[in-house]
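Reproduced below: data33.txt, with compact mmCIF, C-alpha atoms and all ligand atoms.
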```txt
# COMPACT_ATOMS: atom_id res chain seq x y z
CA MET A 1 99.47 278.95 33.62
CA TRP A 2 101.69 281.13 35.83
CA ASN A 3 105.12 282.37 34.83
CA LYS A 4 106.26 284.44 37.80
CA ILE A 5 105.10 283.44 41.26
CA ALA A 6 105.86 285.35 44.48
CA LEU A 7 105.37 283.51 47.77
CA LEU A 8 105.36 285.82 50.79
CA GLY A 9 105.63 284.13 54.18
CA ALA A 10 107.27 281.13 52.51
CA THR A 11 108.65 279.66 55.75
CA GLY A 12 105.30 279.44 57.56
CA SER A 13 102.64 276.78 57.73
CA ILE A 14 100.72 278.03 54.66
CA GLY A 15 103.96 278.94 52.87
CA THR A 16 105.36 275.43 53.26
CA GLN A 17 102.11 273.79 52.14
CA THR A 18 102.02 276.12 49.12
CA LEU A 19 105.49 274.92 48.17
CA ASP A 20 104.19 271.39 48.44
CA VAL A 21 101.35 272.21 46.01
CA LEU A 22 103.76 273.92 43.60
CA LYS A 23 106.16 270.97 43.79
CA LYS A 24 103.40 268.44 43.02
CA ASN A 25 102.52 270.48 39.94
CA GLN A 26 106.16 270.92 38.85
CA MET A 27 106.01 274.69 39.25
CA LEU A 28 108.86 275.40 41.68
CA ASP A 29 110.92 276.84 38.82
CA LYS A 30 108.22 279.51 38.35
CA VAL A 31 108.85 280.96 41.81
CA VAL A 32 110.64 284.30 41.41
CA LEU A 33 110.34 285.68 44.94
CA LEU A 34 110.31 284.15 48.41
CA SER A 35 110.01 286.09 51.65
CA ALA A 36 110.30 285.31 55.37
CA TYR A 37 110.50 287.46 58.46
CA ARG A 38 113.78 286.41 60.07
CA ASN A 39 114.24 282.70 59.43
CA LEU A 40 117.13 282.94 56.98
CA ASP A 41 118.12 279.28 57.36
CA ALA A 42 114.67 278.06 56.35
CA LEU A 43 114.56 280.59 53.52
CA ASN A 44 117.89 279.33 52.23
CA ARG A 45 116.67 275.73 52.39
CA ILE A 46 113.59 276.68 50.37
CA SER A 47 115.63 278.62 47.84
CA ALA A 48 117.56 275.43 47.12
CA ILE A 49 114.39 273.93 45.62
CA CYS A 50 113.28 277.14 43.85
CA PRO A 51 116.21 277.78 41.48
CA ASN A 52 114.92 281.10 40.10
CA ALA A 53 113.83 282.77 43.32
CA THR A 54 115.06 286.07 44.69
CA LEU A 55 114.97 286.16 48.50
CA CYS A 56 113.68 288.79 50.88
CA LEU A 57 114.07 288.89 54.66
CA MET A 58 111.55 291.29 56.19
CA ASP A 59 113.13 291.99 59.58
CA GLU A 60 115.29 295.00 58.83
CA HIS A 61 116.88 294.93 62.28
CA LEU A 62 118.52 291.63 61.52
CA PRO A 63 122.24 291.86 60.73
CA LEU A 64 122.67 290.29 57.30
CA LYS A 65 125.45 287.82 56.67
CA GLU A 66 128.14 289.06 54.36
CA ASN A 67 128.06 287.93 50.74
CA VAL A 68 124.40 286.98 51.00
CA GLU A 69 122.47 288.58 48.22
CA LEU A 70 118.96 289.36 49.31
CA TYR A 71 116.38 292.11 49.69
CA SER A 72 115.63 293.26 53.20
CA GLY A 73 112.82 295.01 55.07
CA PHE A 74 109.50 296.31 53.80
CA GLU A 75 111.19 298.69 51.34
CA GLY A 76 113.25 295.79 50.02
CA LEU A 77 110.13 293.72 49.44
CA VAL A 78 108.41 296.57 47.58
CA GLU A 79 111.52 297.02 45.43
CA ALA A 80 111.61 293.29 44.62
CA LEU A 81 107.88 293.22 43.77
CA GLU A 82 108.20 296.31 41.57
CA LYS A 83 111.14 294.82 39.74
CA LEU A 84 109.79 291.30 39.31
CA LYS A 85 106.10 292.10 38.66
CA PRO A 86 104.80 288.60 39.45
CA ASP A 87 101.66 287.40 37.71
CA LEU A 88 100.66 285.46 40.84
CA THR A 89 101.41 286.44 44.43
CA ILE A 90 100.54 284.27 47.40
CA VAL A 91 100.34 286.30 50.61
CA ALA A 92 100.81 284.03 53.62
CA VAL A 93 102.45 286.38 56.09
CA SER A 94 101.08 286.29 59.63
CA GLY A 95 99.85 289.31 61.57
CA ALA A 96 99.06 292.97 60.94
CA ALA A 97 102.31 293.38 58.96
CA GLY A 98 100.44 291.48 56.27
CA PHE A 99 98.17 294.45 55.57
CA LYS A 100 100.74 296.70 53.87
CA ILE A 101 102.35 293.63 52.29
CA ALA A 102 98.98 292.62 50.79
CA LEU A 103 98.43 296.17 49.48
CA GLU A 104 101.85 296.22 47.80
CA SER A 105 101.22 292.75 46.40
CA ILE A 106 97.98 293.91 44.80
CA LYS A 107 99.75 297.00 43.40
CA ASN A 108 102.56 294.99 41.83
CA THR A 109 100.95 291.73 40.71
CA THR A 110 99.66 291.57 37.18
CA ARG A 111 96.89 288.94 37.45
CA ARG A 112 96.03 287.24 40.74
CA VAL A 113 96.69 287.50 44.48
CA CYS A 114 95.90 284.48 46.67
CA LEU A 115 95.36 285.72 50.20
CA ALA A 116 95.83 283.67 53.36
CA THR A 117 96.56 286.67 55.59
CA LYS A 118 93.13 287.41 57.02
CA GLU A 119 94.50 290.28 59.13
CA ALA A 120 94.89 292.30 55.91
CA LEU A 121 91.12 292.31 55.46
CA VAL A 122 90.31 292.56 59.16
CA ILE A 123 92.29 295.74 59.70
CA GLY A 124 92.24 297.32 56.27
CA GLY A 125 89.51 295.65 54.23
CA LYS A 126 88.26 298.82 52.60
CA PHE A 127 91.76 299.79 51.39
CA VAL A 128 92.45 296.30 50.09
CA LYS A 129 89.16 296.37 48.15
CA GLN A 130 89.85 299.85 46.82
CA GLU A 131 93.27 298.78 45.55
CA LEU A 132 91.81 295.66 43.92
CA LYS A 133 89.22 297.74 42.13
CA GLU A 134 91.83 300.21 40.88
CA ARG A 135 94.19 297.50 39.64
CA GLY A 136 91.49 295.20 38.28
CA ILE A 137 93.19 292.02 39.45
CA GLU A 138 91.68 288.94 41.09
CA LEU A 139 91.82 288.08 44.77
CA LEU A 140 91.23 284.47 45.75
CA PRO A 141 90.91 283.49 49.40
CA ILE A 142 93.02 280.69 50.85
CA ASP A 143 91.31 280.49 54.24
CA SER A 144 89.37 277.21 54.02
CA GLU A 145 85.98 278.66 55.01
CA HIS A 146 86.31 281.50 52.51
CA SER A 147 87.50 279.19 49.78
CA ALA A 148 84.33 277.18 50.49
CA LEU A 149 82.17 280.33 50.41
CA PHE A 150 83.80 281.49 47.19
CA GLN A 151 82.77 278.19 45.63
CA LEU A 152 79.27 278.26 47.14
CA LEU A 153 78.64 281.80 45.92
CA LEU A 154 79.88 281.32 42.35
CA ASN A 155 77.07 282.40 40.00
CA GLU A 156 74.85 283.42 42.92
CA ASN A 157 73.43 286.86 43.54
CA VAL A 158 74.65 288.21 46.87
CA GLY A 159 71.20 289.74 47.41
CA SER A 160 69.81 286.18 47.64
CA VAL A 161 71.96 285.32 50.64
CA ASN A 162 70.00 285.03 53.86
CA LYS A 163 72.79 283.81 56.07
CA ILE A 164 76.40 282.70 55.92
CA ILE A 165 77.38 280.06 58.46
CA LEU A 166 81.10 279.69 59.01
CA THR A 167 82.05 276.41 60.57
CA ALA A 168 84.51 276.40 63.46
CA SER A 169 86.36 273.57 65.14
CA GLY A 170 85.93 275.18 68.57
CA GLY A 171 89.69 274.85 69.11
CA ALA A 172 91.67 272.82 71.59
CA LEU A 173 89.50 273.79 74.59
CA ARG A 174 86.09 273.00 73.14
CA ASP A 175 85.50 270.30 75.81
CA TYR A 176 87.85 271.62 78.49
CA PRO A 177 86.09 272.41 81.82
CA LEU A 178 85.28 276.12 81.88
CA GLU A 179 86.26 276.44 85.55
CA LYS A 180 89.83 275.39 84.63
CA PHE A 181 90.29 278.01 81.89
CA ASP A 182 92.29 280.20 84.27
CA SER A 183 95.04 277.63 84.61
CA VAL A 184 95.21 276.17 81.10
CA SER A 185 98.74 276.04 79.64
CA ALA A 186 99.98 277.15 76.21
CA LYS A 187 100.84 273.52 75.47
CA ASP A 188 97.19 272.48 75.95
CA VAL A 189 95.91 275.30 73.76
CA LEU A 190 98.36 274.48 70.97
CA LYS A 191 96.88 270.98 70.53
CA HIS A 192 94.39 271.76 67.75
CA PRO A 193 91.84 268.97 67.18
CA VAL A 194 91.64 269.27 63.38
CA TRP A 195 94.24 271.52 61.75
CA ASN A 196 97.99 271.83 62.07
CA MET A 197 98.65 275.59 61.86
CA GLY A 198 100.89 278.43 63.07
CA ARG A 199 100.90 279.17 66.84
CA ARG A 200 98.89 282.38 66.84
CA ILE A 201 96.02 281.05 64.74
CA THR A 202 95.89 277.93 66.92
CA VAL A 203 95.39 280.03 70.06
CA ASP A 204 92.91 282.20 68.13
CA SER A 205 90.94 279.04 67.37
CA ALA A 206 90.62 278.24 71.06
CA THR A 207 89.23 281.74 71.78
CA MET A 208 87.39 281.80 68.44
CA VAL A 209 88.95 285.20 67.76
CA ASN A 210 89.98 283.51 64.53
CA LYS A 211 86.30 283.01 63.67
CA ALA A 212 85.56 286.67 64.46
CA PHE A 213 88.33 287.59 62.00
CA GLU A 214 86.71 285.27 59.49
CA VAL A 215 83.33 286.99 59.92
CA ILE A 216 84.98 290.30 58.98
CA GLU A 217 86.95 288.60 56.20
CA ALA A 218 83.73 287.16 54.71
CA HIS A 219 82.00 290.54 55.02
CA HIS A 220 84.72 292.17 52.91
CA LEU A 221 85.21 289.37 50.41
CA PHE A 222 81.56 288.76 49.62
CA ASP A 223 79.88 292.08 50.47
CA VAL A 224 77.52 290.46 52.97
CA GLU A 225 76.45 292.42 56.09
CA ILE A 226 78.12 291.28 59.32
CA ASP A 227 74.81 290.49 61.04
CA LYS A 228 74.06 287.92 58.32
CA ILE A 229 77.29 286.03 59.11
CA THR A 230 77.32 283.54 61.97
CA ALA A 231 79.45 280.63 63.14
CA MET A 232 78.68 277.09 64.28
CA ILE A 233 80.96 274.54 65.86
CA HIS A 234 81.45 271.53 63.66
CA ARG A 235 83.66 268.93 65.28
CA GLU A 236 84.41 266.71 62.32
CA GLY A 237 86.05 269.50 60.29
CA LEU A 238 84.51 268.27 57.04
CA ILE A 239 81.95 271.01 56.31
CA HIS A 240 83.97 274.12 55.54
CA SER A 241 81.03 276.55 55.50
CA MET A 242 77.38 276.93 54.52
CA VAL A 243 75.20 279.49 52.79
CA GLU A 244 71.45 279.78 53.35
CA PHE A 245 69.57 281.55 50.55
CA VAL A 246 66.27 283.48 50.73
CA ASP A 247 64.35 280.55 49.20
CA GLY A 248 65.38 278.33 52.12
CA SER A 249 67.97 276.35 50.15
CA ILE A 250 71.22 275.69 51.94
CA LYS A 251 74.46 274.91 50.14
CA LEU A 252 77.36 273.45 52.05
CA HIS A 253 80.91 272.68 51.07
CA VAL A 254 82.45 269.42 52.24
CA GLY A 255 86.06 268.41 51.84
CA TYR A 256 89.02 266.72 53.49
CA PRO A 257 90.55 269.10 56.08
CA ASP A 258 93.87 269.79 54.41
CA MET A 259 94.94 273.35 53.61
CA ARG A 260 96.65 272.20 50.42
CA ILE A 261 93.18 271.85 48.87
CA PRO A 262 92.10 275.52 49.26
CA ILE A 263 95.66 276.66 48.48
CA SER A 264 95.59 274.64 45.26
CA TYR A 265 92.09 275.87 44.41
CA SER A 266 93.18 279.50 44.78
CA ILE A 267 96.16 278.99 42.49
CA PHE A 268 94.47 276.94 39.78
CA PHE A 269 90.87 278.27 39.77
CA PRO A 270 88.82 277.69 37.60
CA ASN A 271 90.62 274.35 37.28
CA ARG A 272 91.05 271.79 40.04
CA MET A 273 94.14 269.73 40.52
CA LYS A 274 94.21 266.07 41.44
CA PHE A 275 95.50 265.16 44.89
CA ASP A 276 96.65 261.98 46.56
CA ALA A 277 93.91 259.42 47.12
CA ASP A 278 94.12 259.96 50.87
CA LEU A 279 92.54 263.40 50.52
CA HIS A 280 89.22 261.83 49.54
CA ILE A 281 86.47 261.50 52.10
CA ASP A 282 85.05 258.15 53.05
CA PHE A 283 81.26 258.59 52.77
CA LYS A 284 80.82 256.72 56.05
CA LEU A 285 82.28 259.80 57.75
CA LEU A 286 79.28 261.81 56.52
CA GLU A 287 76.81 259.64 58.45
CA LYS A 288 77.54 261.60 61.59
CA LEU A 289 78.06 265.32 61.19
CA HIS A 290 77.49 267.61 64.16
CA LEU A 291 76.74 271.32 64.34
CA GLU A 292 76.44 273.25 67.62
CA GLU A 293 75.95 276.89 68.56
CA PRO A 294 79.11 278.31 70.20
CA SER A 295 78.56 279.32 73.82
CA PRO A 296 79.15 282.97 74.82
CA GLU A 297 80.67 281.78 78.13
CA ARG A 298 83.31 279.68 76.40
CA TYR A 299 84.00 282.09 73.54
CA PRO A 300 83.32 285.65 74.79
CA ALA A 301 85.98 287.13 72.47
CA PHE A 302 84.14 285.80 69.43
CA PHE A 303 80.85 287.48 70.23
CA MET A 304 82.57 290.88 70.47
CA VAL A 305 82.65 290.96 66.67
CA TYR A 306 79.00 292.03 66.50
CA ASP A 307 79.71 295.03 68.77
CA LEU A 308 82.75 295.98 66.70
CA PHE A 309 80.47 296.27 63.70
CA LYS A 310 78.69 299.16 65.45
CA MET A 311 81.85 301.27 65.86
CA PRO A 312 84.35 302.85 63.44
CA SER A 313 86.72 300.32 61.90
CA SER A 314 89.51 301.36 64.29
CA GLY A 315 87.67 298.88 66.56
CA TRP A 316 88.62 295.98 64.27
CA ILE A 317 92.25 297.16 64.16
CA VAL A 318 92.42 297.41 67.94
CA TYR A 319 90.73 294.01 68.28
CA ASN A 320 93.44 292.42 66.12
CA ALA A 321 96.38 294.33 67.64
CA SER A 322 95.40 293.67 71.26
CA ASP A 323 94.77 290.01 70.45
CA GLU A 324 98.21 289.71 68.83
CA VAL A 325 99.81 291.17 71.98
CA ALA A 326 97.64 289.03 74.28
CA VAL A 327 98.36 285.77 72.44
CA GLN A 328 102.11 286.41 72.51
CA LYS A 329 101.98 287.21 76.26
CA PHE A 330 99.98 284.05 76.86
CA LEU A 331 102.43 281.93 74.86
CA ASP A 332 105.31 283.51 76.82
CA GLY A 333 103.60 282.55 80.07
CA LYS A 334 103.08 286.21 81.11
CA ILE A 335 99.26 286.19 81.23
CA LYS A 336 96.49 283.62 81.73
CA PHE A 337 94.35 282.27 78.90
CA THR A 338 91.31 284.13 80.26
CA ASP A 339 93.32 287.38 80.23
CA ILE A 340 93.29 287.33 76.41
CA PHE A 341 89.61 288.38 76.37
CA LYS A 342 90.21 290.82 79.24
CA LEU A 343 93.07 292.52 77.43
CA ILE A 344 91.17 292.83 74.15
CA SER A 345 88.08 294.30 75.88
CA LYS A 346 90.11 296.72 77.97
CA THR A 347 92.14 298.00 74.99
CA ILE A 348 89.03 298.48 72.84
CA GLU A 349 87.35 300.32 75.71
CA ARG A 350 90.31 302.66 76.29
CA PHE A 351 90.89 303.51 72.62
CA ASP A 352 89.53 306.75 71.20
CA HIS A 353 87.87 305.29 68.09
CA PHE A 354 87.72 306.86 64.63
CA GLU A 355 87.44 305.85 60.98
CA PRO A 356 90.91 305.63 59.34
CA GLU A 357 91.10 307.47 56.03
CA THR A 358 94.47 306.15 54.80
CA PRO A 359 96.49 302.91 55.09
CA GLU A 360 99.03 304.90 57.15
CA GLU A 361 96.30 305.66 59.70
CA VAL A 362 95.54 301.93 59.90
CA VAL A 363 99.19 301.26 60.72
CA SER A 364 99.28 304.06 63.26
CA ILE A 365 96.11 302.79 65.03
CA ASP A 366 97.65 299.32 65.08
CA LEU A 367 100.84 300.62 66.73
CA GLN A 368 98.97 302.75 69.28
CA ALA A 369 96.72 299.83 70.22
CA ARG A 370 99.71 297.53 70.72
CA LYS A 371 101.34 300.10 72.99
CA MET A 372 98.13 300.46 74.96
CA ALA A 373 97.79 296.69 75.33
CA GLU A 374 101.43 296.40 76.50
CA GLU A 375 100.87 299.17 79.08
CA GLU A 376 97.72 297.48 80.32
CA VAL A 377 99.57 294.20 80.94
CA GLU A 378 102.33 296.07 82.80
CA LYS A 379 99.65 297.52 85.10
CA TRP A 380 98.49 293.98 85.93
CA ALA A 381 101.99 292.82 86.94
P1 LIG A 401 103.12 281.02 60.44
O1 LIG A 401 103.39 281.68 61.73
O2 LIG A 401 103.33 279.55 60.32
O3 LIG A 401 104.03 281.70 59.28
C1 LIG A 401 104.07 283.09 59.12
C2 LIG A 401 104.97 283.48 57.95
O4 LIG A 401 105.01 284.91 57.88
C3 LIG A 401 106.42 283.03 58.10
O5 LIG A 401 106.99 282.88 56.81
C4 LIG A 401 107.07 284.20 58.81
O6 LIG A 401 108.48 284.28 58.61
C5 LIG A 401 106.36 285.38 58.13
N1 LIG A 401 106.24 286.57 58.99
C6 LIG A 401 105.95 286.61 60.31
N2 LIG A 401 105.92 287.89 60.74
C7 LIG A 401 106.22 288.67 59.69
C8 LIG A 401 106.39 290.08 59.51
N3 LIG A 401 106.23 290.94 60.51
N4 LIG A 401 106.70 290.54 58.28
C9 LIG A 401 106.86 289.67 57.24
N5 LIG A 401 106.74 288.33 57.34
C10 LIG A 401 106.42 287.83 58.56
O7 LIG A 401 101.64 281.43 60.02
P2 LIG A 401 100.58 280.60 59.17
O8 LIG A 401 101.22 280.09 57.92
O9 LIG A 401 99.83 279.69 60.04
O10 LIG A 401 99.54 281.76 58.79
C11 LIG A 401 99.83 282.74 57.82
C12 LIG A 401 98.55 283.55 57.57
O11 LIG A 401 97.58 282.66 57.01
C13 LIG A 401 97.93 284.11 58.85
O12 LIG A 401 97.36 285.34 58.57
C14 LIG A 401 96.83 283.10 59.19
O13 LIG A 401 95.75 283.70 59.87
C15 LIG A 401 96.40 282.67 57.80
N6 LIG A 401 95.80 281.33 57.76
C16 LIG A 401 96.52 280.25 58.16
C17 LIG A 401 95.96 278.98 58.13
C18 LIG A 401 96.75 277.78 58.51
O14 LIG A 401 96.26 276.66 58.35
N7 LIG A 401 97.96 277.90 59.00
C19 LIG A 401 94.58 278.77 57.68
C20 LIG A 401 93.93 279.98 57.23
C21 LIG A 401 94.52 281.20 57.27
P3 LIG A 401 109.53 283.59 59.67
O15 LIG A 401 109.40 282.11 59.47
O16 LIG A 401 110.85 284.11 59.26
O17 LIG A 401 109.11 284.04 61.03
MG MG A 402 89.83 279.38 58.53
```
Please go through the file and, once you have read it, give me the structure as structure tokens.
Ligand code: NDP
Ligand code: MG
Amino acid sequence: MWNKIALLGATGSIGTQTLDVLKKNQMLDKVVLLSAYRNLDALNRISAICPNATLCLMDEHLPLKENVELYSGFEGLVEALEKLKPDLTIVAVSGAAGFKIALESIKNTTRRVCLATKEALVIGGKFVKQELKERGIELLPIDSEHSALFQLLLNENVGSVNKIILTASGGALRDYPLEKFDSVSAKDVLKHPVWNMGRRITVDSATMVNKAFEVIEAHHLFDVEIDKITAMIHREGLIHSMVEFVDGSIKLHVGYPDMRIPISYSIFFPNRMKFDADLHIDFKLLEKLHLEEPSPERYPAFFMVYDLFKMPSSGWIVYNASDEVAVQKFLDGKIKFTDIFKLISKTIERFDHFEPETPEEVVSIDLQARKMAEEEVEKWA
């Protein structure tokens, strides 16, 4: 099915699970390119099981070991993509850096890009869509909710959609006393109740910033207005999203909460691959499914998404950049959990907003917003 596969962000949580899917389907020999940010040891370990892969390390400030043949930095990645021209690229890089990487992947992939990196759509959705249109290649979402929506909306007219309901776990603090939010530790926040994911996305689940990103992601992927996209907390993690249509019908997607399923779907669509028996759901589990409205007191950073919609899309870039800074500061023990929302709000408020006209402007807004967020935290010290 695929002859040349590029896996970007190979050392991460999605990257590793993608390798698992490829291994189960005896496709590791089809991998022609693997990238990581700075984890050369892990990249080397992975390259041992992908015999035909060229390697790329994205952190250009890293001194490379002698006699190690690999591409380095963003320019190196572009060069490798241009040379190899994969027919399938899986983008699983974390953070805003994923935007330009996704754009280059779309430019240099001949048939399909599978996208896990939601930040690419959050900060530069219109450029990603423009590039897709120009190149005429497919984009399949890996994010579980969007994989569910993709399936629910197959052969449906988008004009018939009344509402999209993204399900959310509510994160590690969904039952934590609100009055103790000020003193919650990074360790507590990193205990996700359903999914085992990278550190940033786990903190973003506790604030539901991740769900706000997913609202924007769904808006771009499916051309549905933001005010038609909502979120509900679903503790069991079995319903991956729902669509309500104008005739009152509601479709929902149910599946075992394992990212290898949406990863596999994105790679093999329109086919489905068989998994281990333990990824099947016991119907008894469906007897009790719960859905709750998220509370604005517990998740103030989520509800900001509807205000962002009313401003130029620099707002979305600043939202992501300031959250990235805030989450890192929180994980480093420099700010409190409740400061994450404070820092995002303050940075959005201070920024002089405008509509970016080029991908370079997106990157420049991202950098400015990070600087602003850093300065703000210094003022608090
Ligand atoms: P991880 O932090 O586990 O992995 C991130 C990967 O990206 C690593 O390979 C890392 O390399 C690489 N990377 C980090 N920074 C850069 C950079 N500046 N330039 C290039 N490469 C970089 O993240 P996840 O796998 O959890 O998430 C990846 C993306 O998928 C995110 O956008 C996330 O929102 C999305 N996603 C994740 C889900 C999950 O279940 N984990 C679910 C849905 C979406 P290195 O190891 O060298 O640092
Ligand atoms: Mg998700």
List as a Markdown table every residue of chain A that is in contact with ligand LIG 401 (chain A), defined as an atom at most 8 Å from one of its atoms (using only C-alpha atoms and all ligand atoms), together with the nearest atom pair and the distance in Å rounded to one decimal, sorted by chain and then rising number.
```
| residue | atom | partner | partner_atom | distance |
| --- | --- | --- | --- | --- |
| A:Leu8 | CA | A:LIG401 | O5 | 6.9 |
| A:Gly9 | CA | A:LIG401 | O5 | 3.2 |
| A:Ala10 | CA | A:LIG401 | O5 | 4.7 |
| A:Thr11 | CA | A:LIG401 | O5 | 3.8 |
| A:Gly12 | CA | A:LIG401 | O3 | 3.1 |
| A:Ser13 | CA | A:LIG401 | O8 | 3.6 |
| A:Ile14 | CA | A:LIG401 | O8 | 3.9 |
| A:Gly15 | CA | A:LIG401 | O8 | 5.9 |
| A:Thr16 | CA | A:LIG401 | O8 | 7.8 |
| A:Ser35 | CA | A:LIG401 | O5 | 6.8 |
| A:Ala36 | CA | A:LIG401 | O6 | 3.9 |
| A:Tyr37 | CA | A:LIG401 | O16 | 3.5 |
| A:Arg38 | CA | A:LIG401 | O16 | 3.8 |
| A:Asn39 | CA | A:LIG401 | O16 | 3.7 |
| A:Leu40 | CA | A:LIG401 | O16 | 6.8 |
| A:Ala42 | CA | A:LIG401 | O15 | 7.3 |
| A:Leu43 | CA | A:LIG401 | O16 | 7.7 |
| A:Leu57 | CA | A:LIG401 | O16 | 7.4 |
| A:Met58 | CA | A:LIG401 | C9 | 5.1 |
| A:Asp59 | CA | A:LIG401 | N4 | 6.7 |
| A:Phe74 | CA | A:LIG401 | N4 | 7.8 |
| A:Val91 | CA | A:LIG401 | C12 | 7.7 |
| A:Ala92 | CA | A:LIG401 | C11 | 4.5 |
| A:Val93 | CA | A:LIG401 | O4 | 3.5 |
| A:Ser94 | CA | A:LIG401 | C13 | 3.9 |
| A:Gly95 | CA | A:LIG401 | O12 | 5.6 |
| A:Ala96 | CA | A:LIG401 | N3 | 7.5 |
| A:Ala97 | CA | A:LIG401 | N3 | 4.9 |
| A:Gly98 | CA | A:LIG401 | N4 | 6.6 |
| A:Ile101 | CA | A:LIG401 | C9 | 7.8 |
| A:Leu115 | CA | A:LIG401 | O11 | 7.8 |
| A:Ala116 | CA | A:LIG401 | O11 | 4.2 |
| A:Thr117 | CA | A:LIG401 | O12 | 3.4 |
| A:Lys118 | CA | A:LIG401 | O12 | 5.0 |
| A:Glu119 | CA | A:LIG401 | O12 | 5.7 |
| A:Ala120 | CA | A:LIG401 | O12 | 7.8 |
| A:Ile142 | CA | A:LIG401 | C20 | 6.5 |
| A:Asp143 | CA | A:LIG401 | C20 | 4.0 |
| A:Ser144 | CA | A:LIG401 | C20 | 6.2 |
| A:Trp195 | CA | A:LIG401 | O14 | 6.5 |
| A:Asn196 | CA | A:LIG401 | O14 | 6.3 |
| A:Met197 | CA | A:LIG401 | N7 | 3.7 |
| A:Gly198 | CA | A:LIG401 | O9 | 3.4 |
| A:Arg199 | CA | A:LIG401 | O1 | 6.2 |
| A:Arg200 | CA | A:LIG401 | O1 | 6.8 |
| A:Ile201 | CA | A:LIG401 | O13 | 5.6 |
| A:Asn210 | CA | A:LIG401 | O13 | 7.4 |
| A:Met259 | CA | A:LIG401 | O14 | 5.9 |
```
Residues from the last selection, C-alpha atoms, saved as a PDB file, in the coordinates of the input:
```
ATOM      1  CA  LEU A   8     105.360 285.820  50.790  1.00  0.00           C
ATOM      2  CA  GLY A   9     105.630 284.130  54.180  1.00  0.00           C
ATOM      3  CA  ALA A  10     107.270 281.130  52.510  1.00  0.00           C
ATOM      4  CA  THR A  11     108.650 279.660  55.750  1.00  0.00           C
ATOM      5  CA  GLY A  12     105.300 279.440  57.560  1.00  0.00           C
ATOM      6  CA  SER A  13     102.640 276.780  57.730  1.00  0.00           C
ATOM      7  CA  ILE A  14     100.720 278.030  54.660  1.00  0.00           C
ATOM      8  CA  GLY A  15     103.960 278.940  52.870  1.00  0.00           C
ATOM      9  CA  THR A  16     105.360 275.430  53.260  1.00  0.00           C
ATOM     10  CA  SER A  35     110.010 286.090  51.650  1.00  0.00           C
ATOM     11  CA  ALA A  36     110.300 285.310  55.370  1.00  0.00           C
ATOM     12  CA  TYR A  37     110.500 287.460  58.460  1.00  0.00           C
ATOM     13  CA  ARG A  38     113.780 286.410  60.070  1.00  0.00           C
ATOM     14  CA  ASN A  39     114.240 282.700  59.430  1.00  0.00           C
ATOM     15  CA  LEU A  40     117.130 282.940  56.980  1.00  0.00           C
ATOM     16  CA  ALA A  42     114.670 278.060  56.350  1.00  0.00           C
ATOM     17  CA  LEU A  43     114.560 280.590  53.520  1.00  0.00           C
ATOM     18  CA  LEU A  57     114.070 288.890  54.660  1.00  0.00           C
ATOM     19  CA  MET A  58     111.550 291.290  56.190  1.00  0.00           C
ATOM     20  CA  ASP A  59     113.130 291.990  59.580  1.00  0.00           C
ATOM     21  CA  PHE A  74     109.500 296.310  53.800  1.00  0.00           C
ATOM     22  CA  VAL A  91     100.340 286.300  50.610  1.00  0.00           C
ATOM     23  CA  ALA A  92     100.810 284.030  53.620  1.00  0.00           C
ATOM     24  CA  VAL A  93     102.450 286.380  56.090  1.00  0.00           C
ATOM     25  CA  SER A  94     101.080 286.290  59.630  1.00  0.00           C
ATOM     26  CA  GLY A  95      99.850 289.310  61.570  1.00  0.00           C
ATOM     27  CA  ALA A  96      99.060 292.970  60.940  1.00  0.00           C
ATOM     28  CA  ALA A  97     102.310 293.380  58.960  1.00  0.00           C
ATOM     29  CA  GLY A  98     100.440 291.480  56.270  1.00  0.00           C
ATOM     30  CA  ILE A 101     102.350 293.630  52.290  1.00  0.00           C
ATOM     31  CA  LEU A 115      95.360 285.720  50.200  1.00  0.00           C
ATOM     32  CA  ALA A 116      95.830 283.670  53.360  1.00  0.00           C
ATOM     33  CA  THR A 117      96.560 286.670  55.590  1.00  0.00           C
ATOM     34  CA  LYS A 118      93.130 287.410  57.020  1.00  0.00           C
ATOM     35  CA  GLU A 119      94.500 290.280  59.130  1.00  0.00           C
ATOM     36  CA  ALA A 120      94.890 292.300  55.910  1.00  0.00           C
ATOM     37  CA  ILE A 142      93.020 280.690  50.850  1.00  0.00           C
ATOM     38  CA  ASP A 143      91.310 280.490  54.240  1.00  0.00           C
ATOM     39  CA  SER A 144      89.370 277.210  54.020  1.00  0.00           C
ATOM     40  CA  TRP A 195      94.240 271.520  61.750  1.00  0.00           C
ATOM     41  CA  ASN A 196      97.990 271.830  62.070  1.00  0.00           C
ATOM     42  CA  MET A 197      98.650 275.590  61.860  1.00  0.00           C
ATOM     43  CA  GLY A 198     100.890 278.430  63.070  1.00  0.00           C
ATOM     44  CA  ARG A 199     100.900 279.170  66.840  1.00  0.00           C
ATOM     45  CA  ARG A 200      98.890 282.380  66.840  1.00  0.00           C
ATOM     46  CA  ILE A 201      96.020 281.050  64.740  1.00  0.00           C
ATOM     47  CA  ASN A 210      89.980 283.510  64.530  1.00  0.00           C
ATOM     48  CA  MET A 259      94.940 273.350  53.610  1.00  0.00           C
TER      49      MET A 259
END
```
Within 10 Å of region 334-339 of chain A using all atoms listed in the file, minus same-chain residues under 2 positions, as a PyMOL selection string: chain A and resi 180-186+189+203+206-207+298+300-301+326-332+341-345+377+380-381
Shell around Val362 (chain A) at 9 Å using only C-alpha atoms, local window under 3 positions removed, as a VMD selection string: chain A and resid 123 to 124 314 317 356 to 359 365 to 367
Atomic distance CA of Ser322 (chain A) - CA of Ala369 (chain A), expressed in Å with one decimal: 6.4 Å
